[in-house]
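A.B. asks: Starting off with a structure, shown below.
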Amino acid sequence: MSELIVSILLLTGAGFMILAAVGILRLPDLPTRMHASTKAGAMGAMMTMAGVAMHFADVVVFTRAFAIVIFILITAPIAAHVIGRAGYFLGTPLWEGTIKDELKDNYDERTHSLYSGFEPAPESVIPPTHKKRSEDDED
Amino acid sequence: MLSVVINIVYFMLSVALLFAFIRLTKGPSLPDRVVSLELIASIVVGYVGVHAIDTGVSSLLDVAIVIALTAFLTAVGFARFLERGGRKSE
């Protein structure tokens with residue numbers, strides 16, 4: 001019975017890993033690749049660790065596997081955020097089918113600063129959200 | 001039954017590793033390569049877990065902890081390096 005559960009956990013974890021790898025190979029640009037690899041890869045590692053804890057059925061091993069799971073759960077989003085931020089600031093091209101890029105209108109590349117849309121924008125940055133908001137105020 | 005499953009899982013993880021390695025060699029920009037390196041690290045964590053079950057040595061989990069830790073530190077370090085390194089167009 002325990003063997004069956006361990007097998008299912010391991011197979012599902014490896015399936016998630018393969019999904020993450022296919023996603024990182026096939027998807028078109030940096031944010032979508034990160035989207036595939038971070039979530040599915042972390043899920044695969046966590047399910048494998050759950051299988052390990054189930055197989056050994058020991059308090060020490062369970063604690064270690066739990067520590068790994070918690071660690072992956074905490075660090076995977078941080079790493080993805082940091083790399084995505086660096087990639088965006090580097091000017092990595094987005095996929096041509098991208099519909100929404102909200103940073104583009106409010107981020108000044110030269111001064112490396114962001115505008116919220118509430119302050120009067122400088123000449124270099126004209127956020128469209130700014131215009132829309134003032135129209136709403138007139139109503 | 002478990003040994004057969006372990007062999008299948010080894011094979012699946014190897015295929016995933018191969019795909020991630022293709023992206024690592026092909027990746028058009030440096031952040032792409034960093035992302036695929038991170039995926040490779042988490043696949044290796046899975047490998048180590050499966051190997052711990054295969055051999056019955058539970059101490060191998062310490063290796064998995066260290067690999068997860070270094071992968072995180074590598075990602076953060078690379079991101080710092082990229083952000084300080086200036087624009088790509090220069």
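As shown in the structure tokens, the chain order sets the letters A, B, ...; within each chain, residues go from 1, and ligands are also counted from 1 in the order they appear.
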Using only C-alpha atoms, which residues sit within 12 Å of Val34 of chain B once same-chain residues fewer than 2 positions away are excluded, as a ChimeraX atom specification?
C.D. replies: /A:24,30,33-34,37-38,79-80,82-84,86-87 /B:20-21,23-25,27-32,36-41,71-79,81-82
A.B. asks: Would you kindly report the residues of chain A within 9 Å of chain B, using only C-alpha atoms, as a ChimeraX atom specification?
C.D. replies: /A:3-4,6-8,10-11,13-15,17-22,24-25,29-30,33-34,37-38,41-42,44-49,51-52,55-56,61,64-65,67-68,71-72,75-76,78-80,82-87,89-92
A.B. asks: How far is it from atom CA of Leu27 of chain A to atom CA of Leu94 of chain A, in Å with one decimal?
C.D. replies: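 Between atom CA of Leu27 of chain A and atom CA of Leu94 of chain A the gap is 11.4 Å.
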A.B. asks: Write out as a list of chain:residue names the residues lying within 12 Å of Thr98 of chain A, counting only C-alpha atoms and excluding same-chain residues fewer than 2 positions away.
C.D. replies: A:Pro28, A:Asp29, A:Leu30, A:Pro31, A:Thr32, A:Pro93, A:Leu94, A:Trp95, A:Glu96, A:Lys100, A:Asp101, A:Glu102
A.B. asks: As an exercise, work out the distance from atom CA of Tyr88 of chain A to atom CA of Lys104 of chain A in Å and give it to one decimal place.
C.D. replies: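 Interatomic distance here is 9.8 Å.
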A.B. asks: Measuring between only C-alpha atoms, which one of A:Phe16, A:Gly23, A:Ala57, A:Ser116 shows the shortest distance to Met43 of chain A?
C.D. replies: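 Checking each of A:Phe16, A:Gly23, A:Ala57, A:Ser116 against Met43 of chain A, counting only C-alpha atoms, the winner is A:Phe16.
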A.B. asks: From a backbone DSSP assignment, name each residue in chain B labelled helix (DSSP H, G or I), as a ChimeraX atom specification.
C.D. replies: /B:2-26,30-55,60-84
A.B. asks: Which value, in Å to one decimal, gives the distance between atom CA of Leu9 of chain A and atom CA of Ile74 of chain A?
C.D. replies: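 Going from atom CA of Leu9 of chain A over to atom CA of Ile74 of chain A covers 21.2 Å.
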